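Below: one structure, written as structure tokens.
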Amino acid sequence: MRPKFQLLNNALVERIIGEAFELIKNPGVRVAPYVFDLLRGAGIEVKDGVAHIPESVARKALESVPRAFFLYDRKGEAVVRYEGDTVHFDPGSSCLNILDPATQQARPALAADLVRLVQVAEMLPQFAAQSTAMVCDDVPPEIGDWYRLLLVLWYSEKPVVTGAFSAASLHTLLELITIESGGAGALRQRPRAVFDVCPSPPLNWSEFASQNLVDLARAGVPAEIVSMPLAGATAPVTLAGSVVQHAAECISGITIHQLAQPGAPIVWGGAPAIFDMRTGKTPMGAIETAMLDVACAEVGKYFGLPTHAYLVAGDGSVVDAQVEMESGMSALLGALAGVNMISGAGMLDFLACHSIEKLVIDAEAIASAQRLIEGIEPRTESLAREMFAKTGLQGDFLKLKETRALFREEQHFPSAVIDRGLSTIKDAGAGVLERAHQRVEELVLTYERRSLGPGREQEMIAFAQREGRNAGLEGLPGIVCPEHSALA
Amino acid sequence: MAAMSEERFAAMRQSIVSGAPDTAGGLAHEALTSGIAPLDAINSGFVLGMHDVGEQFAHGQMFLPDMMASAEAMRAAMAVLEPELTKLGKSRPMAGIVVLGTTKGDIHEIGKILVGTMLTANGFRVHDLGVDVSGDRFAAKAREVGADIVGVSALLTTTMRNQKGVIESLEKAGLRSQVKVMVGGAPVSRGWAEQIGADGYAKDAMSAVTLARELMEQKTQASAKEPA
């Protein structure tokens with residue numbers, strides 16, 4: 001039996017949905033001129049930049065959303081399945097800072113840091129997907145979004161959770177991933193990435209977000225709504241009220257998206273959080289934030305839609321017990337809730353900072369969560385009787401062939417990051433941060449990059465050099481490739 | 001009479017701490033009709049309430065919604081008292097001129113409103129440009145009002161980068177040497193402030209007041225050192 005965690009009963013989910021439908025009609029949803037005609041064409045009243053969406057139109061849009069879709073790896077294998085209760089994890093995204101591995105002090109992230117994080121995440125099976133995890137400070141800000149994607153595509157074969165920072169740059173990101181995928185048709189057929197699109201709370205699909213929804217739908221590239229109600233600040237203070245707002249933002253976003261292209265893949269997702277009434281900060285590690293994430297996903301599941309949440313992040317500014325307690329707890333809740341894609345691992349300090357050491361510790365929490373949701377299975381015909389018949393009261397279970405055959409299925413073996421008293425660990429007695437640091441070093445050393453093939457690599461490099469030059473970028477930070485001597 | 005005034009001042013102070021705009025406005029009216037000088041009502045009554053609020057907030061005894069309510073109450077009192085001050089040709093001693101705004105691409109202003117409220121309560125003249133403000137608008141307003149300080153808020157990590165753009169705009173406008181820049185917002189840190197060349201970072205509305213005072217002191221000292 002797969003264990004499951006639920007916060008809302010059906011009656012409450014239906015109340016939430018009922019109020020969400022009311023909200024998108026009145027007061028309505030602020031939308032950008034880019035979608036006025038599209039919405040009006042579907043019979044939606046748009047007045048003073050506010051769309052008043054009737055429930056019937058929204059319900060029709062919700063019906064046309066695919067209940068399942070895959071993300072593919074570079075080899076073309078379907079490795080991420082957005083459907084039902086499948087659970088995947090990816091690192092947190094778009095962070096500006098990193099905890100320097102040597103000093104453990106926050107500093108602006110550089111291209112080399114992102115490369116290192118991608119290499120580590122590539123080696124960790126706990127992460128089904130990569131994310132465009134950091135914005136690189138050694139790259140001009142105006143090309144910061146596509147440059148992250150370039151580095152991830154260059155160093156990873158896994159699917160990618162990404163997103164554009166503006167309406168215009170979405171097309172640069174799409175162009176880049178189209179080259180990598182071998183053409184628009186191939187990208188559409190086997191999408192490698194899902195693109196996050198964020199409404200502005202409350203109930204506002206800005207020019208950038210409206211346009212991204214429409215353009216992604218028409219390109220046939222999956223979109224992931226990241227709705228971010230902040231309970232008490234940009235959303236109702238009650239958790240239930242914030243879940244209503246989240247639902248209204250998702251439903252209205254899906255309506256825009258499906259009107260642009262019915263049947264295009266889209267994810268019901270978000271990064272809701274509470275608003276700390278003492279500091280004005282948004283604690284991602286708070287239990288109420290995790291409750292919001294889980295509850296929002298439950299509403300998406302009620303419609304049978306693919307889901308996403310932002311968990312496994314902590315709020316302290318160093319990798320310590322607090323940060324890991326927060327991250328581990330929310331990893332567990334997200335997995336138990338059956339959220340399809342859980343973003344956030346590696347992040348701390350209210351999402352302001354990434355740590356690769358934290359990423360490998362989080363991977364252990366994730367592995368435990370993954371083990372938990374496998375549940376307890378009756379793997380033998382009799383549960384214990386036959387084994388007792390063989391060993392009697394001697395209790396030599398270690399010698400039984402069942403033990404040898406089944407222990408690997410029953411027990412998860414963590415890496416050396418987790419202290420289980422394994423005597424071969426270097427520096428026995430070192431703290432978890434030191435063990436994590438060693439693990440990062442080992443993973444980076446054993447990482448091997450696989451080429452995309454000379455044609456596609458040349459094309460990607462030429463594209464990046466051209467776009468980079470336009471923004472005043474010298475060279476391509478983070479790209480090291482002997483085959484392309486100009487960059488070596 | 002003095003005891004009665006003391007009682008009134010205490011009530012004014014309490015109306016701010018309680019976050020009661022109607023009471024604060026009513027007490028301001030009463031002060032005027034009973035002959036209390038508007039400046040006295042402000043300085044011996046309402047402002048002390050704001051000081052209490054700041055103090056209690058800093059100690060975790062008051063929370064942001066309480067502070068918002070206190071700010072409302074302060075505004076209600078000032079709306080009654082300020083026109084009277086103007087009529088009398090008087091003004092509160094001014095601690096400095098501040099231009100405030102939330103950076104380009106960001107529409108969040110709760111933190112900024114609180115900072116503006118606390119600065120106003122502490123004698124600063126605040127020009128609030130609102131949200132989604134470009135660097136050029138910050139610079140133009142700073143020039144127009146002769147700002148001492150520009151305060152730039154950002155709630156999102158993606159818009160926080162635009163705080164740097166505001167500093168660049170001030171440089172481009174040739175104002176950087178005359179204007180101190182302070183930054184704040186949920187994702188902002190002291191390190192970030194240093195990195196972008198801001199003059200200071202404040203983690204909340206109360207520390208923004210302390211910082212603004214320090215920056216004004218630095219300005220005064222710098223201008224004292226300048227050759228005549």
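In the structure tokens, the first chain shown is A, the next is B, and so on; residue numbers restart at 1 for each chain, and ligands run from 1 in the order shown.
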Give me, as a list in words, the contact residues of chain A against chain B at a cut-off of 7 Å, counting only C-alpha atoms.
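The answer, sorted by residue number, is Met277, Arg278, Thr279, Gly280, Lys281 and Ala352 of chain A.
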Can you write just those residues out, N, CA and C atoms, as a compact mmCIF listing (two decimals), in the first residue's frame?
# COMPACT_ATOMS: atom_id res chain seq x y z
N MET A 277 4.83 37.50 10.03
CA MET A 277 4.31 38.79 10.50
C MET A 277 5.28 39.54 11.40
N ARG A 278 6.44 38.95 11.67
CA ARG A 278 7.44 39.68 12.45
C ARG A 278 8.48 40.30 11.54
N THR A 279 8.79 39.62 10.44
CA THR A 279 9.91 40.06 9.62
C THR A 279 9.52 40.43 8.21
N GLY A 280 8.34 40.04 7.77
CA GLY A 280 7.95 40.27 6.38
C GLY A 280 8.64 39.31 5.43
N LYS A 281 9.33 38.34 5.97
CA LYS A 281 9.98 37.36 5.09
C LYS A 281 9.00 36.22 4.78
N ALA A 352 17.10 32.61 -1.14
CA ALA A 352 18.07 33.59 -1.64
C ALA A 352 19.42 32.95 -1.93
Using only C-alpha atoms, which protein or nucleic acid residues come within 9 Å of Pro222 in chain A? Drop anything in the same chain fewer than 2 positions from it, and give the result as a list in words.
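After dropping sequence-adjacent residues, the list is Phe69, Leu71, Arg188, Pro191, Ala193, Val194, Phe195, Asp196, Leu216, Ala217, Ala219, Gly220, Glu224, Ala264, Pro265, Ile266 and Val267 of chain A.
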The selected residues should be written to file as an mmCIF file, in the first residue's frame (atoms: N, CA and C atoms).
data_model
loop_
_atom_site.group_PDB
_atom_site.id
_atom_site.type_symbol
_atom_site.label_atom_id
_atom_site.label_comp_id
_atom_site.auth_asym_id
_atom_site.auth_seq_id
_atom_site.Cartn_x
_atom_site.Cartn_y
_atom_site.Cartn_z
ATOM 1 N N PHE A 69 1.700 13.826 -19.014
ATOM 2 C CA PHE A 69 2.683 14.021 -20.091
ATOM 3 C C PHE A 69 4.058 13.678 -19.550
ATOM 4 N N LEU A 71 8.406 14.237 -19.620
ATOM 5 C CA LEU A 71 9.593 14.982 -20.033
ATOM 6 C C LEU A 71 10.633 13.929 -20.386
ATOM 7 N N ARG A 188 8.628 19.284 -29.645
ATOM 8 C CA ARG A 188 7.197 19.141 -29.390
ATOM 9 C C ARG A 188 6.844 17.680 -29.047
ATOM 10 N N PRO A 191 9.388 16.648 -25.374
ATOM 11 C CA PRO A 191 9.882 17.846 -24.679
ATOM 12 C C PRO A 191 10.917 17.502 -23.607
ATOM 13 N N ALA A 193 12.074 19.969 -21.595
ATOM 14 C CA ALA A 193 11.958 20.927 -20.485
ATOM 15 C C ALA A 193 10.512 21.315 -20.233
ATOM 16 N N VAL A 194 10.280 21.740 -18.997
ATOM 17 C CA VAL A 194 9.019 22.381 -18.647
ATOM 18 C C VAL A 194 9.373 23.809 -18.240
ATOM 19 N N PHE A 195 8.534 24.774 -18.639
ATOM 20 C CA PHE A 195 8.833 26.184 -18.387
ATOM 21 C C PHE A 195 7.901 26.743 -17.299
ATOM 22 N N ASP A 196 8.505 27.221 -16.225
ATOM 23 C CA ASP A 196 7.723 27.848 -15.153
ATOM 24 C C ASP A 196 7.184 29.203 -15.617
ATOM 25 N N LEU A 216 4.082 29.441 -25.029
ATOM 26 C CA LEU A 216 4.450 28.049 -24.710
ATOM 27 C C LEU A 216 3.391 27.085 -25.228
ATOM 28 N N ALA A 217 2.125 27.453 -25.046
ATOM 29 C CA ALA A 217 1.039 26.586 -25.527
ATOM 30 C C ALA A 217 1.173 26.383 -27.032
ATOM 31 N N ALA A 219 3.826 26.706 -28.856
ATOM 32 C CA ALA A 219 5.057 25.981 -29.219
ATOM 33 C C ALA A 219 4.955 24.504 -28.834
ATOM 34 N N GLY A 220 3.909 24.154 -28.087
ATOM 35 C CA GLY A 220 3.737 22.758 -27.666
ATOM 36 C C GLY A 220 4.743 22.335 -26.622
ATOM 37 N N GLU A 224 4.467 25.283 -16.653
ATOM 38 C CA GLU A 224 4.203 24.935 -15.259
ATOM 39 C C GLU A 224 3.846 26.229 -14.529
ATOM 40 N N ALA A 264 -2.628 21.550 -24.947
ATOM 41 C CA ALA A 264 -1.197 21.764 -24.672
ATOM 42 C C ALA A 264 -0.931 21.399 -23.205
ATOM 43 N N PRO A 265 0.249 20.800 -22.925
ATOM 44 C CA PRO A 265 0.514 20.353 -21.548
ATOM 45 C C PRO A 265 0.803 21.512 -20.591
ATOM 46 N N ILE A 266 0.211 21.427 -19.411
ATOM 47 C CA ILE A 266 0.421 22.463 -18.389
ATOM 48 C C ILE A 266 0.293 21.834 -17.001
ATOM 49 N N VAL A 267 1.051 22.384 -16.060
ATOM 50 C CA VAL A 267 1.115 21.828 -14.704
ATOM 51 C C VAL A 267 0.476 22.799 -13.715
#
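For Leu170 in chain A, the set of protein, DNA and RNA residues having any atom at most 9 Å away, when counting only C-alpha atoms and skipping those fewer than 2 positions along the same chain, is A:Asp145, A:Trp146, A:Gly163, A:Ala164, A:Phe165, A:Ser166, A:Ala167, A:Ala168, A:Thr172, A:Leu173, A:Leu174, A:Glu175, A:Asn212, A:Asp215, A:Leu216.
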Atoms to include: C-alpha atoms. Write the selected residues as a short mmCIF file (atom, residue, chain, number, x, y, z; two decimals), in the first residue's frame.
data_model
loop_
_atom_site.label_atom_id
_atom_site.label_comp_id
_atom_site.auth_asym_id
_atom_site.auth_seq_id
_atom_site.Cartn_x
_atom_site.Cartn_y
_atom_site.Cartn_z
CA ASP A 145 17.86 33.38 -18.20
CA TRP A 146 18.91 31.61 -21.41
CA GLY A 163 11.68 29.47 -17.28
CA ALA A 164 12.19 32.82 -18.97
CA PHE A 165 12.61 36.16 -17.20
CA SER A 166 10.76 38.16 -19.85
CA ALA A 167 8.29 37.81 -22.71
CA ALA A 168 10.94 38.31 -25.38
CA THR A 172 15.67 32.75 -27.07
CA LEU A 173 15.29 29.92 -24.56
CA LEU A 174 12.98 28.05 -26.92
CA GLU A 175 15.41 28.54 -29.80
CA ASN A 212 4.65 33.16 -21.85
CA ASP A 215 3.62 31.27 -26.57
CA LEU A 216 4.45 28.05 -24.71
#
Using DSSP on the backbone, list every residue of range 217-456 of chain A that comes out as alpha helix (DSSP H), and give them as a count of residues only.
111
Going by DSSP on the backbone, which residues of range 4-179 of chain A come out as strand (DSSP E or B)? List them as an MDAnalysis selection string.
chainID A and resid 29:30 45:47 50:52 69:72 78:82 88:91 95 97:99 106:108 130:131 134 160:162
Selection from above, C-alpha atoms, as a PDB file, in the first residue's frame, can you write it?
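Here's the written file result-v3.pdb:
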ATOM      1  CA  VAL A  29      -8.261  38.440 -13.057  1.00  0.00           C
ATOM      2  CA  ARG A  30      -5.927  41.155 -14.294  1.00  0.00           C
ATOM      3  CA  GLU A  45     -15.624  39.957 -20.737  1.00  0.00           C
ATOM      4  CA  VAL A  46     -12.398  41.971 -20.481  1.00  0.00           C
ATOM      5  CA  LYS A  47     -12.871  45.425 -18.995  1.00  0.00           C
ATOM      6  CA  VAL A  50      -9.546  42.700 -15.960  1.00  0.00           C
ATOM      7  CA  ALA A  51     -10.956  39.452 -17.352  1.00  0.00           C
ATOM      8  CA  HIS A  52     -14.187  38.169 -15.828  1.00  0.00           C
ATOM      9  CA  PHE A  69       2.683  14.021 -20.091  1.00  0.00           C
ATOM     10  CA  PHE A  70       6.339  13.098 -20.076  1.00  0.00           C
ATOM     11  CA  LEU A  71       9.593  14.982 -20.033  1.00  0.00           C
ATOM     12  CA  TYR A  72      12.378  13.259 -21.934  1.00  0.00           C
ATOM     13  CA  ALA A  78      10.585   9.359 -21.004  1.00  0.00           C
ATOM     14  CA  VAL A  79      11.998   9.800 -17.510  1.00  0.00           C
ATOM     15  CA  VAL A  80       9.687  12.293 -15.829  1.00  0.00           C
ATOM     16  CA  ARG A  81       6.011  11.429 -15.779  1.00  0.00           C
ATOM     17  CA  TYR A  82       3.694  14.207 -14.740  1.00  0.00           C
ATOM     18  CA  HIS A  88       9.993  13.563  -8.841  1.00  0.00           C
ATOM     19  CA  PHE A  89      12.429  16.066  -7.385  1.00  0.00           C
ATOM     20  CA  ASP A  90      14.580  18.776  -8.932  1.00  0.00           C
ATOM     21  CA  PRO A  91      16.901  21.385  -7.376  1.00  0.00           C
ATOM     22  CA  CYS A  95      19.032  31.600  -7.230  1.00  0.00           C
ATOM     23  CA  ASN A  97      23.746  33.463  -4.474  1.00  0.00           C
ATOM     24  CA  ILE A  98      25.676  30.394  -3.486  1.00  0.00           C
ATOM     25  CA  LEU A  99      27.283  29.360  -0.233  1.00  0.00           C
ATOM     26  CA  ALA A 106      27.030  33.557   0.634  1.00  0.00           C
ATOM     27  CA  ARG A 107      28.360  35.231  -2.504  1.00  0.00           C
ATOM     28  CA  PRO A 108      26.972  35.853  -6.003  1.00  0.00           C
ATOM     29  CA  GLN A 130      17.707  19.416 -13.394  1.00  0.00           C
ATOM     30  CA  SER A 131      16.687  23.016 -12.880  1.00  0.00           C
ATOM     31  CA  MET A 134      21.334  29.786 -10.521  1.00  0.00           C
ATOM     32  CA  VAL A 160      15.061  20.477 -17.139  1.00  0.00           C
ATOM     33  CA  VAL A 161      12.716  22.677 -15.136  1.00  0.00           C
ATOM     34  CA  THR A 162      13.379  26.181 -16.419  1.00  0.00           C
TER      35      THR A 162
END
Counting only C-alpha atoms, which of B:Gly49, B:Ile196, B:Ala208, B:His29 gets nearest to Lys112 in chain B?
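Distance minimum relative to Lys112 in chain B lands on B:Ala208.
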Distance query Asp22 in chain B at most 10 Å, only C-alpha atoms, self and fewer than 6 positions along chain excluded, as a list in words:
Ser15, Ala28, Glu72, Ala73, Ala76 and Ala77 of chain B
Please measure the separation of CA of Ile113 in chain B and CA of Glu249 in chain A, giving the value in Å to one decimal.
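So the two atoms, CA of Ile113 in chain B and CA of Glu249 in chain A, lie 25.7 Å apart.
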Residues near Ser200 in chain A, cut-off 12 Å, only C-alpha atoms, skip fewer than 6 positions along chain, as a VMD selection string:
(chain A and resid 29 to 32 206 to 210 225 to 230 234 to 235 245 to 246 249 to 250 253 270 to 272) or (chain B and resid 105 to 108 155 to 156)
Skipping near chain neighbours, those fewer than 4 positions away, what residues fall within 10 Å of range 451-461 of chain A using only C-alpha atoms, listed as number ranges by chain?
A: 74-75, 150, 153-157, 175-182, 465-467, 476, 479, 481, 483-484, 487
Residues just named, written with C-alpha atoms as a short mmCIF file (atom, residue, chain, number, x, y, z; two decimals), in the first residue's frame:
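And here is the file that came out, out_39.cif:
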data_model
loop_
_atom_site.label_atom_id
_atom_site.label_comp_id
_atom_site.auth_asym_id
_atom_site.auth_seq_id
_atom_site.Cartn_x
_atom_site.Cartn_y
_atom_site.Cartn_z
CA ARG A 74 18.66 13.71 -24.02
CA LYS A 75 18.56 10.09 -25.20
CA LEU A 150 22.71 26.73 -22.05
CA LEU A 153 21.79 21.58 -21.53
CA TRP A 154 25.55 21.45 -22.05
CA TYR A 155 26.31 19.47 -18.91
CA SER A 156 23.16 17.43 -18.33
CA GLU A 157 21.16 14.76 -20.05
CA GLU A 175 15.41 28.54 -29.80
CA LEU A 176 18.24 27.16 -27.70
CA ILE A 177 16.34 24.08 -26.59
CA THR A 178 15.07 23.55 -30.13
CA ILE A 179 18.67 23.34 -31.35
CA GLU A 180 19.50 20.92 -28.55
CA SER A 181 16.46 18.77 -29.30
CA GLY A 182 17.15 18.62 -33.04
CA GLN A 465 28.28 33.31 -29.04
CA ARG A 466 26.07 35.41 -31.30
CA GLU A 467 23.45 36.13 -28.61
CA LEU A 476 31.19 31.68 -22.81
CA ILE A 479 31.64 26.15 -21.18
CA CYS A 481 35.04 21.85 -24.42
CA GLU A 483 36.53 20.02 -29.33
CA HIS A 484 35.71 23.68 -29.64
CA LEU A 487 36.53 28.05 -26.02
#
Identify, on the basis of only C-alpha atoms, every residue whose closest approach to range 399-415 of chain A does not exceed 8 Å; exclude the query and any residue fewer than 4 positions from it along the same chain; express the result as a VMD selection string.
chain A and resid 364 367 to 368 371 387 390 to 391
When distances are computed from only C-alpha atoms, which of B:Val209, B:Val17, B:Ala79, B:Leu32 shows the smallest separation from Leu119 in chain B?
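Nearest candidate to Leu119 in chain B out of B:Val209, B:Val17, B:Ala79, B:Leu32: B:Val209.
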Counting only C-alpha atoms, the residue of A:Asn340, A:Ala61, A:Ser94, A:Gln438 that sits nearest Thr159 in chain B
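Result for the nearest residue to Thr159 in chain B: A:Ser94.
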Report, in Å to a single decimal, how far apart CA of Arg59 in chain A and CA of Gly28 in chain A are.
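We find that CA of Gly28 in chain A and CA of Arg59 in chain A lie 15.5 Å from each other.
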Would you mind reading off the distance between CA of Glu168 in chain B and CA of Ala147 in chain B, one decimal, in Å?
16.2 Å
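Take the candidates A:Val312, A:Ser252, A:Pro236, A:Val65 and check each one against Lys25 in chain A using only C-alpha atoms; the shortest distance goes to A:Ser252.
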